[in-house]
file structure.txt (compact mmCIF, C-alpha atoms and all ligand atoms)
# COMPACT_ATOMS: atom_id res chain seq x y z
CA MET E 98 -4.42 20.08 -21.87
CA THR E 99 -5.75 16.84 -23.34
CA PRO E 100 -5.53 13.99 -20.86
CA TRP E 101 -3.27 11.06 -21.67
CA ALA E 102 -5.51 8.40 -23.20
CA ASP E 103 -3.47 5.21 -23.75
CA PRO E 104 -2.35 2.56 -21.29
CA VAL E 105 1.15 3.32 -20.07
CA VAL E 106 2.24 0.12 -18.29
CA THR E 107 4.19 -2.24 -20.54
CA GLY E 108 4.80 -5.28 -18.34
CA LEU E 109 5.92 -6.67 -15.01
CA ARG E 110 9.47 -7.41 -13.95
CA CYS E 111 10.81 -9.08 -10.83
CA THR E 112 13.07 -6.72 -8.90
CA VAL E 113 14.90 -9.70 -7.41
CA CYS E 114 15.60 -12.17 -10.23
CA GLY E 115 14.77 -10.04 -13.28
CA ALA E 116 12.11 -12.42 -14.66
CA THR E 117 9.55 -10.66 -16.83
CA VAL E 118 5.82 -11.31 -17.09
CA GLY E 119 3.69 -10.17 -20.02
CA ILE E 120 1.07 -7.57 -19.18
CA ASP E 121 -1.55 -9.84 -20.83
CA THR E 122 -0.89 -12.65 -18.30
CA PRO E 123 -3.98 -13.31 -16.16
CA LEU E 124 -3.57 -13.82 -12.42
CA SER E 125 0.07 -12.71 -12.57
CA PHE E 126 0.30 -12.41 -8.80
CA VAL E 127 3.84 -13.62 -8.21
CA CYS E 128 7.15 -13.95 -10.06
CA PRO E 129 7.36 -17.21 -12.03
CA ASN E 130 10.47 -18.07 -9.96
CA ALA E 131 8.72 -17.63 -6.59
CA SER E 132 7.74 -20.84 -4.82
CA ALA E 133 6.07 -21.91 -1.60
CA ASN E 134 9.51 -21.95 0.04
CA ASP E 135 10.87 -18.84 -1.63
CA ARG E 136 8.76 -15.70 -1.46
CA HIS E 137 11.73 -13.42 -1.99
CA HIS E 138 10.50 -12.10 -5.34
CA VAL E 139 8.51 -8.93 -6.11
CA LEU E 140 7.02 -8.04 -9.47
CA GLN E 141 6.94 -4.33 -10.30
CA PHE E 142 5.20 -2.46 -13.09
CA GLU E 143 7.25 -1.14 -15.97
CA SER E 144 5.91 1.92 -17.75
CA ALA E 145 6.55 3.94 -20.86
CA VAL E 146 7.69 7.47 -20.08
CA VAL E 147 4.83 9.79 -21.00
CA PRO E 148 3.54 13.17 -19.81
CA PHE E 149 1.49 13.21 -16.61
CA ARG E 150 -1.92 14.38 -17.80
CA PRO E 151 -4.66 12.74 -15.74
CA PHE E 152 -8.37 12.92 -16.48
CA ASP E 153 -10.46 15.33 -14.43
CA ASP E 154 -12.46 12.83 -12.39
CA PRO E 155 -13.07 12.62 -8.64
CA ASN E 156 -12.44 8.86 -8.74
CA PRO E 157 -8.64 8.36 -8.78
CA PHE E 158 -8.98 5.03 -10.59
CA LEU E 159 -10.63 6.90 -13.45
CA ALA E 160 -8.49 10.04 -13.25
CA PHE E 161 -5.26 8.00 -13.41
CA ARG E 162 -6.68 4.97 -15.25
CA HIS E 163 -4.22 5.04 -18.14
CA TYR E 164 -1.27 5.03 -15.76
CA LEU E 165 -2.52 1.90 -14.00
CA GLY E 166 -1.34 -1.62 -14.77
CA VAL E 167 -4.91 -2.90 -14.76
CA ASP E 168 -5.80 -0.66 -17.69
CA ALA E 169 -2.91 -2.05 -19.74
CA PHE E 170 -3.90 -5.57 -18.65
CA GLY E 171 -7.51 -5.04 -19.71
CA ALA E 172 -6.44 -3.64 -23.09
CA ALA E 173 -4.02 -6.53 -23.63
CA ILE E 174 -6.71 -9.16 -23.04
CA GLY E 175 -9.07 -7.48 -25.49
CA ILE E 176 -11.32 -5.26 -23.35
CA ALA E 177 -12.14 -2.02 -25.16
CA ASP E 178 -11.34 1.36 -23.65
CA GLN E 179 -14.94 2.29 -22.81
CA GLU E 180 -15.60 -1.09 -21.27
CA ARG E 181 -12.51 -0.82 -19.07
CA GLU E 182 -13.80 2.49 -17.80
CA GLN E 183 -17.24 0.97 -17.32
CA ILE E 184 -15.88 -1.91 -15.22
CA ILE E 185 -14.23 0.54 -12.84
CA ARG E 186 -17.45 2.57 -12.56
CA GLU E 187 -19.48 -0.57 -11.95
CA LEU E 188 -17.16 -1.91 -9.23
CA ASN E 189 -16.99 1.49 -7.58
CA LEU E 190 -20.77 1.68 -7.52
CA ALA E 191 -20.93 -1.72 -5.82
CA VAL E 192 -18.40 -0.50 -3.21
CA MET E 193 -20.47 2.63 -2.67
CA VAL E 194 -23.62 0.61 -2.06
CA THR E 195 -21.87 -1.60 0.51
CA ALA E 196 -19.53 0.88 2.20
CA GLY E 197 -21.56 4.08 1.89
CA VAL E 198 -18.53 5.68 0.18
CA GLY E 199 -16.79 4.97 -3.07
CA PHE E 200 -13.28 5.88 -4.19
CA THR E 201 -12.81 9.63 -4.31
CA ARG E 202 -9.64 11.70 -4.19
CA THR E 203 -8.75 12.22 -0.54
CA PRO E 204 -8.11 15.72 0.79
CA ILE E 205 -4.71 17.26 1.35
CA ALA E 206 -4.31 20.54 3.25
CA ARG E 207 -1.76 22.53 5.21
CA ALA E 208 -2.14 21.82 8.92
CA ASP E 209 -1.72 25.36 10.22
CA ALA E 210 -1.74 24.79 13.98
CA LEU E 211 0.58 21.79 13.65
CA SER E 212 2.93 23.68 11.32
CA ARG E 213 3.09 26.55 13.81
CA ALA E 214 3.68 24.22 16.75
CA LEU E 215 6.56 22.62 14.84
CA GLY E 216 8.17 25.97 14.06
CA PHE E 217 7.60 26.10 10.31
CA SER E 218 7.48 29.49 8.57
CA THR E 219 4.37 30.72 6.80
CA ASP E 220 6.06 29.74 3.50
CA GLY E 221 6.65 26.21 4.64
CA GLY E 222 4.68 23.77 6.75
CA VAL E 223 3.16 20.34 7.07
CA TRP E 224 0.56 19.22 4.52
CA ILE E 225 -1.58 16.31 5.62
CA LYS E 226 -3.09 13.86 3.20
CA ASP E 227 -6.11 12.42 4.98
CA GLU E 228 -6.96 8.80 4.16
CA THR E 229 -9.21 8.25 7.17
CA HIS E 230 -12.41 8.62 5.15
CA ASN E 231 -11.26 6.43 2.28
CA VAL E 232 -13.14 3.16 1.65
CA GLY E 233 -12.57 0.95 4.71
CA GLY E 234 -11.10 3.81 6.77
CA SER E 235 -7.53 3.61 5.48
CA GLN E 236 -5.37 3.68 2.37
CA LYS E 237 -5.48 -0.13 2.13
CA ALA E 238 -8.51 -0.34 -0.17
CA ARG E 239 -6.60 1.55 -2.88
CA HIS E 240 -4.14 -1.35 -3.10
CA LEU E 241 -6.90 -3.95 -3.10
CA PHE E 242 -9.10 -2.27 -5.69
CA THR E 243 -6.63 -2.96 -8.52
CA GLU E 244 -6.45 -6.60 -7.40
CA LEU E 245 -10.22 -6.70 -7.75
CA ILE E 246 -10.26 -4.93 -11.13
CA HIS E 247 -7.66 -7.41 -12.39
CA LEU E 248 -9.81 -10.38 -11.32
CA VAL E 249 -13.01 -8.99 -12.79
CA MET E 250 -11.35 -8.04 -16.08
CA ALA E 251 -9.83 -11.53 -16.37
CA GLU E 252 -13.25 -13.05 -15.65
CA ARG E 253 -15.08 -10.84 -18.20
CA ALA E 254 -12.53 -11.56 -20.93
CA GLY E 255 -12.82 -15.30 -20.28
CA VAL E 256 -9.13 -15.69 -19.38
CA ALA E 257 -9.62 -16.53 -15.68
CA PRO E 258 -9.40 -20.22 -14.71
CA TRP E 259 -13.02 -20.10 -13.49
CA LYS E 260 -15.78 -19.71 -16.02
CA SER E 261 -18.67 -18.09 -14.15
CA VAL E 262 -19.39 -15.97 -11.12
CA ALA E 263 -20.72 -19.04 -9.34
CA ASP E 264 -17.34 -20.82 -9.77
CA ARG E 265 -15.20 -18.06 -8.32
CA PRO E 266 -12.59 -19.38 -5.88
CA PRO E 267 -12.72 -17.63 -2.48
CA LEU E 268 -10.46 -14.69 -1.71
CA ALA E 269 -7.94 -14.94 1.13
CA ILE E 270 -5.98 -12.46 3.22
CA SER E 271 -3.77 -12.43 6.30
CA SER E 272 -4.04 -9.20 8.32
CA CYS E 273 -4.87 -8.00 11.80
CA GLY E 274 -6.61 -4.76 10.93
CA ASN E 275 -7.07 -2.22 8.20
CA ALA E 276 -6.19 -4.45 5.25
CA ALA E 277 -8.60 -7.14 6.46
CA ILE E 278 -11.40 -4.59 6.76
CA ALA E 279 -10.68 -3.07 3.35
CA ALA E 280 -10.50 -6.50 1.68
CA SER E 281 -13.70 -7.67 3.37
CA THR E 282 -15.45 -4.46 2.30
CA LEU E 283 -14.58 -5.01 -1.36
CA ALA E 284 -15.44 -8.71 -1.09
CA ALA E 285 -18.82 -7.88 0.47
CA ALA E 286 -19.50 -5.37 -2.31
CA MET E 287 -18.95 -8.16 -4.84
CA LYS E 288 -20.63 -10.86 -2.73
CA TRP E 289 -17.33 -12.72 -3.19
CA PRO E 290 -16.48 -15.06 -0.29
CA ILE E 291 -13.32 -14.17 1.63
CA ALA E 292 -11.31 -16.01 4.29
CA VAL E 293 -9.61 -13.59 6.65
CA HIS E 294 -6.69 -14.95 8.69
CA VAL E 295 -6.30 -12.95 11.88
CA PRO E 296 -4.03 -13.31 14.92
CA THR E 297 -5.30 -14.26 18.38
CA PHE E 298 -4.74 -10.65 19.50
CA ALA E 299 -6.96 -9.06 16.81
CA SER E 300 -9.05 -6.31 18.41
CA GLU E 301 -12.73 -6.70 19.24
CA ALA E 302 -13.57 -3.67 17.09
CA VAL E 303 -11.87 -5.20 14.05
CA LEU E 304 -13.49 -8.61 14.57
CA ARG E 305 -16.93 -7.03 14.93
CA THR E 306 -16.50 -5.12 11.64
CA LEU E 307 -15.24 -8.21 9.81
CA ASN E 308 -18.19 -10.16 11.12
CA GLU E 309 -20.64 -7.49 9.95
CA LEU E 310 -19.02 -7.62 6.52
CA GLY E 311 -19.67 -11.36 6.35
CA ALA E 312 -16.01 -12.44 6.24
CA ASP E 313 -15.03 -16.01 7.08
CA ILE E 314 -12.85 -15.17 10.08
CA ARG E 315 -10.08 -17.64 10.87
CA VAL E 316 -8.24 -16.97 14.12
CA CYS E 317 -4.75 -18.42 13.70
CA GLU E 318 -2.95 -19.79 16.74
CA ARG E 319 0.66 -20.78 16.43
CA ARG E 320 1.00 -24.52 15.81
CA ASP E 321 3.82 -26.61 17.24
CA THR E 322 4.79 -27.50 13.69
CA ASP E 323 5.00 -23.85 12.53
CA PRO E 324 8.44 -22.40 11.79
CA PRO E 325 9.19 -18.97 13.30
CA GLY E 326 7.09 -16.23 11.68
CA ASP E 327 3.45 -15.24 11.47
CA PRO E 328 0.99 -18.18 11.71
CA CYS E 329 -1.66 -16.08 9.88
CA VAL E 330 0.65 -15.87 6.89
CA TYR E 331 1.17 -19.66 6.95
CA ARG E 332 -2.60 -20.37 7.06
CA PHE E 333 -3.16 -17.76 4.33
CA ARG E 334 -0.56 -19.43 2.09
CA GLU E 335 -2.15 -22.83 2.73
CA ALA E 336 -5.52 -21.40 1.66
CA VAL E 337 -3.91 -20.04 -1.52
CA ALA E 338 -2.20 -23.39 -2.16
CA ASN E 339 -5.68 -24.93 -1.90
CA GLY E 340 -7.03 -22.65 -4.61
CA ALA E 341 -7.97 -19.39 -2.88
CA ILE E 342 -7.02 -16.10 -4.55
CA PRO E 343 -4.43 -14.01 -2.65
CA PHE E 344 -6.25 -10.78 -1.81
CA GLY E 345 -3.93 -8.96 0.57
CA VAL E 346 -1.56 -6.01 0.63
CA GLN E 347 1.83 -7.67 0.26
CA GLY E 348 3.42 -7.39 -3.16
CA THR E 349 5.21 -10.69 -2.58
CA GLU E 350 1.81 -12.46 -2.55
CA ASN E 351 -0.08 -10.37 -5.11
CA ALA E 352 1.81 -7.77 -7.14
CA TRP E 353 -1.41 -6.06 -8.20
CA CYS E 354 -1.63 -4.33 -4.81
CA LEU E 355 1.40 -2.32 -5.97
CA ASP E 356 -0.68 -0.84 -8.79
CA GLY E 357 -3.59 0.98 -7.15
CA GLY E 358 -1.56 2.15 -4.16
CA ARG E 359 0.15 4.54 -6.53
CA THR E 360 -2.99 6.66 -6.88
CA ILE E 361 -2.20 8.23 -3.50
CA GLY E 362 1.18 9.49 -4.71
CA TRP E 363 -0.26 10.78 -7.98
CA GLU E 364 -2.94 12.69 -6.07
CA ILE E 365 -0.29 14.31 -3.87
CA ILE E 366 1.76 15.34 -6.87
CA GLN E 367 -1.23 16.67 -8.75
CA ASP E 368 -2.42 18.68 -5.77
CA ILE E 369 0.80 20.14 -4.41
CA GLY E 370 3.66 18.15 -5.90
CA HIS E 371 5.92 20.81 -7.29
CA ARG E 372 6.02 22.47 -3.89
CA THR E 373 6.85 19.36 -1.86
CA SER E 374 10.35 18.78 -0.51
CA ARG E 375 9.73 15.61 1.52
CA VAL E 376 7.12 12.93 2.05
CA PHE E 377 6.96 10.80 5.19
CA ALA E 378 5.39 7.35 4.84
CA GLN E 379 5.00 4.83 7.65
CA VAL E 380 6.18 1.33 6.79
CA GLY E 381 4.77 -2.03 7.87
CA GLY E 382 4.88 -4.62 5.09
CA GLY E 383 6.10 -1.86 2.79
CA ALA E 384 3.49 -1.84 -0.01
CA PHE E 385 2.28 1.64 0.94
CA ALA E 386 5.69 3.38 0.86
CA SER E 387 6.70 1.35 -2.22
CA CYS E 388 3.72 2.77 -4.05
CA ILE E 389 4.48 6.32 -2.97
CA GLY E 390 7.99 5.84 -4.32
CA THR E 391 7.03 4.21 -7.62
CA SER E 392 4.25 6.74 -8.23
CA PHE E 393 6.80 9.55 -8.03
CA GLN E 394 9.30 7.74 -10.22
CA SER E 395 6.66 6.97 -12.85
CA ILE E 396 6.09 10.68 -13.44
CA GLY E 397 9.63 11.91 -12.80
CA VAL E 398 9.18 13.87 -9.58
CA HIS E 399 11.58 13.55 -6.67
CA PRO E 400 10.56 14.85 -3.25
CA LYS E 401 12.70 13.11 -0.63
CA LEU E 402 11.03 9.92 0.58
CA HIS E 403 11.36 9.11 4.28
CA ALA E 404 10.25 5.62 5.23
CA VAL E 405 9.24 5.71 8.90
CA GLN E 406 9.38 2.77 11.29
CA THR E 407 9.37 2.64 15.07
CA GLU E 408 12.28 1.67 17.28
CA GLY E 409 10.27 -1.43 18.29
CA CYS E 410 10.43 -2.86 14.75
CA ALA E 411 12.74 -1.41 12.11
CA PRO E 412 13.88 -4.05 9.62
CA LEU E 413 13.72 -1.59 6.71
CA ALA E 414 16.19 0.87 8.22
CA ARG E 415 18.52 -2.06 8.86
CA ALA E 416 18.09 -3.17 5.23
CA PHE E 417 18.97 0.34 4.04
CA GLU E 418 22.21 0.29 6.03
CA ARG E 419 23.06 -3.22 4.85
CA ALA E 420 22.33 -2.26 1.25
CA LEU E 421 24.67 0.73 1.48
CA GLU E 422 27.38 -1.60 2.79
CA THR E 423 26.85 -4.20 0.07
CA GLY E 424 26.72 -2.10 -3.09
CA GLY E 425 24.20 0.69 -2.58
CA ALA E 426 20.53 1.22 -1.83
CA ARG E 427 19.55 1.06 -5.49
CA ASN E 428 18.68 -2.31 -7.06
CA ALA E 429 19.23 -4.21 -3.81
CA GLY E 430 16.68 -6.93 -4.67
CA PRO E 431 19.26 -9.59 -5.64
CA ARG E 432 20.90 -8.97 -2.22
CA TRP E 433 17.75 -9.87 -0.29
CA ASN E 434 19.43 -12.32 2.09
CA ASP E 435 22.16 -9.81 2.92
CA CYS E 436 19.73 -6.98 3.59
CA MET E 437 16.28 -8.05 4.75
CA TRP E 438 15.35 -10.56 7.42
CA ALA E 439 12.76 -10.73 10.16
CA TRP E 440 13.16 -8.46 13.20
CA GLU E 441 14.49 -10.73 15.93
CA SER E 442 12.88 -9.30 19.05
CA GLU E 443 9.12 -9.16 19.62
CA PRO E 444 7.91 -6.08 17.67
CA HIS E 445 6.16 -3.52 19.86
CA SER E 446 4.70 -0.02 19.49
CA VAL E 447 1.39 1.77 19.96
CA ALA E 448 1.55 2.06 16.16
CA ASP E 449 0.57 -1.60 16.03
CA GLY E 450 -0.36 -1.63 12.33
CA ILE E 451 3.27 -1.29 11.24
CA LEU E 452 4.77 -4.12 13.26
CA ASP E 453 5.38 -6.51 10.35
CA ASP E 454 8.57 -8.24 11.41
CA GLU E 455 9.74 -8.30 7.78
CA THR E 456 9.29 -5.51 5.22
CA TYR E 457 8.17 -7.67 2.31
CA ASP E 458 8.07 -4.79 -0.16
CA TRP E 459 11.38 -3.20 0.75
CA ILE E 460 13.17 -3.04 -2.59
CA ALA E 461 11.14 -0.27 -4.23
CA ILE E 462 11.33 1.81 -1.04
CA LEU E 463 15.12 1.66 -1.06
CA ASP E 464 15.18 2.53 -4.77
CA ALA E 465 12.93 5.52 -4.16
CA MET E 466 14.97 6.77 -1.19
CA ALA E 467 18.15 6.43 -3.26
CA ASP E 468 16.56 8.31 -6.18
CA THR E 469 15.31 11.17 -4.04
CA ASP E 470 18.14 11.55 -1.56
CA GLY E 471 15.75 10.39 1.12
CA PHE E 472 16.51 8.07 4.01
CA PRO E 473 14.69 5.93 6.56
CA VAL E 474 13.72 7.32 9.94
CA VAL E 475 13.38 5.15 13.03
CA ALA E 476 11.09 7.09 15.34
CA SER E 477 11.41 6.71 19.09
CA GLU E 478 8.31 5.37 20.81
CA SER E 479 7.98 8.68 22.68
CA ASN E 480 7.77 10.47 19.32
CA VAL E 481 5.16 7.98 18.09
CA VAL E 482 3.05 8.80 21.15
CA ARG E 483 3.70 12.54 20.84
CA ALA E 484 2.85 12.52 17.13
CA HIS E 485 -0.48 10.86 17.86
CA GLU E 486 -1.25 13.39 20.60
CA MET E 487 -0.35 16.31 18.34
CA ALA E 488 -2.39 14.86 15.48
CA ARG E 489 -5.41 14.54 17.73
CA SER E 490 -5.09 17.92 19.43
CA LEU E 491 -3.84 20.10 16.56
CA THR E 492 -5.82 18.69 13.64
CA ALA E 493 -9.45 17.66 13.31
CA ILE E 494 -8.52 14.23 11.95
CA HIS E 495 -9.50 11.17 13.96
CA VAL E 496 -6.34 9.29 13.07
CA SER E 497 -4.90 6.15 14.69
CA ALA E 498 -1.38 5.93 16.14
CA THR E 499 -0.39 3.83 13.12
CA GLY E 500 -1.93 6.39 10.81
CA SER E 501 0.02 9.28 12.35
CA ALA E 502 3.34 7.41 12.63
CA GLY E 503 4.75 9.31 9.63
CA LEU E 504 4.49 12.46 11.74
CA ALA E 505 6.65 10.74 14.38
CA GLY E 506 9.32 10.48 11.69
CA LEU E 507 9.02 14.20 11.02
CA LEU E 508 9.35 14.98 14.76
CA HIS E 509 12.41 12.77 14.87
CA ILE E 510 14.30 14.76 12.20
CA ARG E 511 12.62 18.12 12.68
CA ASP E 512 15.98 19.83 13.32
CA GLN E 513 17.23 18.72 9.88
CA ILE E 514 14.32 20.41 8.07
CA HIS E 515 14.36 24.08 7.04
CA PRO E 516 11.34 26.06 8.33
CA ASP E 517 10.48 27.08 4.74
CA GLU E 518 10.19 23.46 3.56
CA LYS E 519 6.86 22.03 2.53
CA VAL E 520 6.54 18.49 3.80
CA VAL E 521 3.80 15.92 3.37
CA VAL E 522 2.63 13.46 5.99
CA ILE E 523 -0.04 10.88 5.22
CA PHE E 524 -2.59 10.19 7.95
CA SER E 525 -3.30 6.74 6.63
CA GLY E 526 -5.93 5.22 8.90
CA ILE E 527 -8.82 6.07 11.18
CA ASP E 528 -8.81 5.45 14.94
CA ARG E 529 -11.29 2.64 15.60
CA GLY E 530 -10.87 2.74 19.36
C1 LIG W 601 -3.15 2.85 8.70
C2 LIG W 601 -1.96 2.16 8.11
N1 LIG W 601 -0.97 2.91 7.62
C3 LIG W 601 0.13 2.36 7.08
C4 LIG W 601 0.28 0.99 7.05
C5 LIG W 601 1.53 0.45 6.45
O1 LIG W 601 1.33 -0.09 5.18
P1 LIG W 601 2.26 -1.24 4.65
O2 LIG W 601 1.98 -2.47 5.46
O3 LIG W 601 1.89 -1.40 3.21
O4 LIG W 601 3.67 -0.78 4.83
C6 LIG W 601 -0.71 0.18 7.55
C7 LIG W 601 -0.56 -1.29 7.48
O5 LIG W 601 -1.26 -2.03 8.10
C8 LIG W 601 -1.88 0.78 8.10
O6 LIG W 601 -2.87 0.04 8.60
ZN ZN W 602 11.71 -13.22 -9.29
call {"tool": "encode", "arguments": {"input": "structure.txt", "output": "structure tokens", "more": "lines below"}}
Ligand SMILES: Cc1ncc(COP(=O)(O)O)c(C=O)c1O
Ligand SMILES: [Zn+2]
result
Amino acid sequence: MTPWADPVVTGLRCTVCGATVGIDTPLSFVCPNASANDRHHVLQFESAVVPFRPFDDPNPFLAFRHYLGVDAFGAAIGIADQEREQIIRELNLAVMVTAGVGFTRTPIARADALSRALGFSTDGGVWIKDETHNVGGSQKARHLFTELIHLVMAERAGVAPWKSVADRPPLAISSCGNAAIAASTLAAAMKWPIAVHVPTFASEAVLRTLNELGADIRVCERRDTDPPGDPCVYRFREAVANGAIPFGVQGTENAWCLDGGRTIGWEIIQDIGHRTSRVFAQVGGGAFASCIGTSFQSIGVHPKLHAVQTEGCAPLARAFERALETGGARNAGPRWNDCMWAWESEPHSVADGILDDETYDWIAILDAMADTDGFPVVASESNVVRAHEMARSLTAIHVSATGSAGLAGLLHIRDQIHPDEKVVVIFSGIDRG
């Protein structure tokens, strides 16, 4: 079958206030109605409905290029088809030189021993999508790569506010782990300066890697003048207010992270989609699960989406309940204040990468759960620990507790799943310990 060869994305639309942004708008990171005091806006990509016919290419950004927002953006600002492809190849080559790996489809396979241990039949089972060998050791770089492509395309077409490579403003991110490493890897590949805002409790292993990647590491202590919330986020926003480019994995700060994250869902569907009944995705800030959901919607497939949080921090599950009480899980964006607010008690779990006290990108996850008859799962801490142990003993994947937290969700509702079902769990990040 001939691959689909035209850009599919038509524009961006805020899922909170409904504002629209033209696909040809450079640096369209946030909704025009968002402000320094109001980050409760999320732009999402709108697409034409077309057949799902990817190119046969090991690089997902090339295989699914025409379904990506960045391809439509590049076309809209006058970059020819071949040149858009060339930019992706060029950036990927730079990543490969720096990271030793470039973007390649990640493997998905039935975990036989795990499926047996969990009582699945030979028809059913658990399929694991393994992101641990992706660029930067997690899924995060997928989100960041479309942010990078957007910047480079804007620069090449002469529509960025800076006029030469030498004038590029620095990149900025707030993160304590995988996203910081992924962002610093891409920045190093481009020799693009990056300021990384990390908490005082960032691990030695993470700090060492960031240092090796040449990031400008800024350890953020809480200041007396800070309101409640994450001081890293405040320092990050100050850097952006001073001209830095938001280069993180929160759709509320840069919507273009919600573009490339979808490649993971498209890969799953292409590899085993029609056989999948459920997908479990662990939720921190929510960009990851949002992208799984929107990737499915964009091609009209509907395995149940289960957003997994831990009992030590579950603002998304609370938002789902509140949304049902206030008009339904679908289109809950305008009800932000009724549904989503920061987790009051100190978040805690061994899955420490998903302890964002607020799920910034919650709206698309609720939409996707509503569309697929899915629901959130709040895993007990004992299941988070057990899932990590099972992952390490029954699979060959060196996954972190955060990366295997989706499996904790599966353990939690195992008795609701038929043994013949085919379920997908994403092992999203490598264990650095
Ligand atoms: C390995 C891993 N998986 C999943 C997540 C959750 O992604 P998100 O914050 O987009 O919900 C994170 C976030 O840090 C992560 O590091
Ligand atoms: Zn808005």
call {"tool": "closest_atom_pairs", "arguments": {"input": "structure.txt", "of": "chain E", "to": "ligand ZN 602 (chain W)", "cutoff": "6 Å", "atoms": "only C-alpha atoms and all ligand atoms", "output": "tab-separated table"}}
result
residue	atom	partner	partner_atom	distance
E:Cys111	CA	W:ZN602	ZN	4.5
E:Val113	CA	W:ZN602	ZN	5.1
E:Cys114	CA	W:ZN602	ZN	4.1
E:Gly115	CA	W:ZN602	ZN	5.9
E:Ala116	CA	W:ZN602	ZN	5.4
E:Cys128	CA	W:ZN602	ZN	4.7
E:Asn130	CA	W:ZN602	ZN	5.1
E:Ala131	CA	W:ZN602	ZN	6.0
E:His138	CA	W:ZN602	ZN	4.3
call {"tool": "residues_near_point", "arguments": {"input": "structure.txt", "point": "(10.2, -3.8, 4.3)", "cutoff": "10 Å", "atoms": "only C-alpha atoms", "output": "JSON, numbers by chain"}}
result
{"E": [380, 381, 382, 383, 384, 386, 387, 404, 406, 411, 412, 413, 414, 415, 416, 417, 437, 438, 439, 453, 454, 455, 456, 457, 458, 459, 460, 461, 462, 463]}
call {"tool": "closest_atom_pairs", "arguments": {"input": "structure.txt", "of": "chain E", "to": "ligand LIG 601 (chain W)", "cutoff": "7 Å", "atoms": "all atoms listed in the file", "output": "JSON lines"}}
result
{"residue": "E:Ser235", "atom": "CA", "partner": "W:LIG601", "partner_atom": "C1", "distance": 5.5}
{"residue": "E:Gln236", "atom": "CA", "partner": "W:LIG601", "partner_atom": "C1", "distance": 6.8}
{"residue": "E:Lys237", "atom": "CA", "partner": "W:LIG601", "partner_atom": "O6", "distance": 7.0}
{"residue": "E:Gly274", "atom": "CA", "partner": "W:LIG601", "partner_atom": "O6", "distance": 6.5}
{"residue": "E:Asn275", "atom": "CA", "partner": "W:LIG601", "partner_atom": "O6", "distance": 4.8}
{"residue": "E:Ala276", "atom": "CA", "partner": "W:LIG601", "partner_atom": "O5", "distance": 6.2}
{"residue": "E:Val346", "atom": "CA", "partner": "W:LIG601", "partner_atom": "O3", "distance": 6.3}
{"residue": "E:Gln347", "atom": "CA", "partner": "W:LIG601", "partner_atom": "O3", "distance": 6.9}
{"residue": "E:Gln379", "atom": "CA", "partner": "W:LIG601", "partner_atom": "C3", "distance": 5.5}
{"residue": "E:Val380", "atom": "CA", "partner": "W:LIG601", "partner_atom": "O4", "distance": 3.8}
{"residue": "E:Gly381", "atom": "CA", "partner": "W:LIG601", "partner_atom": "O4", "distance": 3.5}
{"residue": "E:Gly382", "atom": "CA", "partner": "W:LIG601", "partner_atom": "O2", "distance": 3.6}
{"residue": "E:Gly383", "atom": "CA", "partner": "W:LIG601", "partner_atom": "O4", "distance": 3.4}
{"residue": "E:Ala384", "atom": "CA", "partner": "W:LIG601", "partner_atom": "O3", "distance": 3.6}
{"residue": "E:Phe385", "atom": "CA", "partner": "W:LIG601", "partner_atom": "O3", "distance": 3.8}
{"residue": "E:Ala386", "atom": "CA", "partner": "W:LIG601", "partner_atom": "O4", "distance": 6.1}
{"residue": "E:Gly450", "atom": "CA", "partner": "W:LIG601", "partner_atom": "O5", "distance": 4.3}
{"residue": "E:Ile451", "atom": "CA", "partner": "W:LIG601", "partner_atom": "C7", "distance": 5.4}
{"residue": "E:Thr499", "atom": "CA", "partner": "W:LIG601", "partner_atom": "C1", "distance": 5.3}
{"residue": "E:Gly500", "atom": "CA", "partner": "W:LIG601", "partner_atom": "C1", "distance": 4.3}
{"residue": "E:Ser525", "atom": "CA", "partner": "W:LIG601", "partner_atom": "C1", "distance": 4.4}
{"residue": "E:Gly526", "atom": "CA", "partner": "W:LIG601", "partner_atom": "C1", "distance": 3.7}
{"residue": "E:Ile527", "atom": "CA", "partner": "W:LIG601", "partner_atom": "C1", "distance": 7.0}
call {"tool": "atom_distance", "arguments": {"input": "structure.txt", "atom1": "CA of Ile270 (chain E)", "atom2": "CA of Val293 (chain E)"}}
result
5.1 Å
call {"tool": "axis_aligned_box", "arguments": {"input": "structure.txt", "around": "region 180-196 of chain E", "padding_each_side": "5 Å", "output": "AutoDock Vina command-line options"}}
result
--center_x -18.1 --center_y 0.4 --center_z -9.5 --size_x 21.1 --size_y 14.5 --size_z 33.5
call {"tool": "residues_around", "arguments": {"input": "structure.txt", "residues": "region 360-364 of chain E", "least_positions_apart": "4", "cutoff": "7 Å", "atoms": "only C-alpha atoms", "output": "MDAnalysis selection string"}}
result
chainID E and resid 157 368 389 392:393
call {"tool": "atom_distance", "arguments": {"input": "structure.txt", "atom1": "CA of Pro516 (chain E)", "atom2": "CA of Asp227 (chain E)"}}
result
22.4 Å
call {"tool": "atom_distance", "arguments": {"input": "structure.txt", "atom1": "CA of Thr112 (chain E)", "atom2": "CA of Gln141 (chain E)"}}
result
6.7 Å
call {"tool": "residues_near_point", "arguments": {"input": "structure.txt", "point": "(-15.8, 7.9, 5.6)", "cutoff": "12 Å", "atoms": "all atoms listed in the file", "output": "list of chain:residue names"}}
result
E:Met193, E:Ala196, E:Gly197, E:Val198, E:Gly199, E:Phe200, E:Thr201, E:Thr203, E:Pro204, E:Asp227, E:Glu228, E:Thr229, E:His230, E:Asn231, E:Val232, E:Gly233, E:Gly234, E:Ser235, E:Gln236, E:Ile494, E:His495, E:Gly526, E:Ile527, E:Asp528
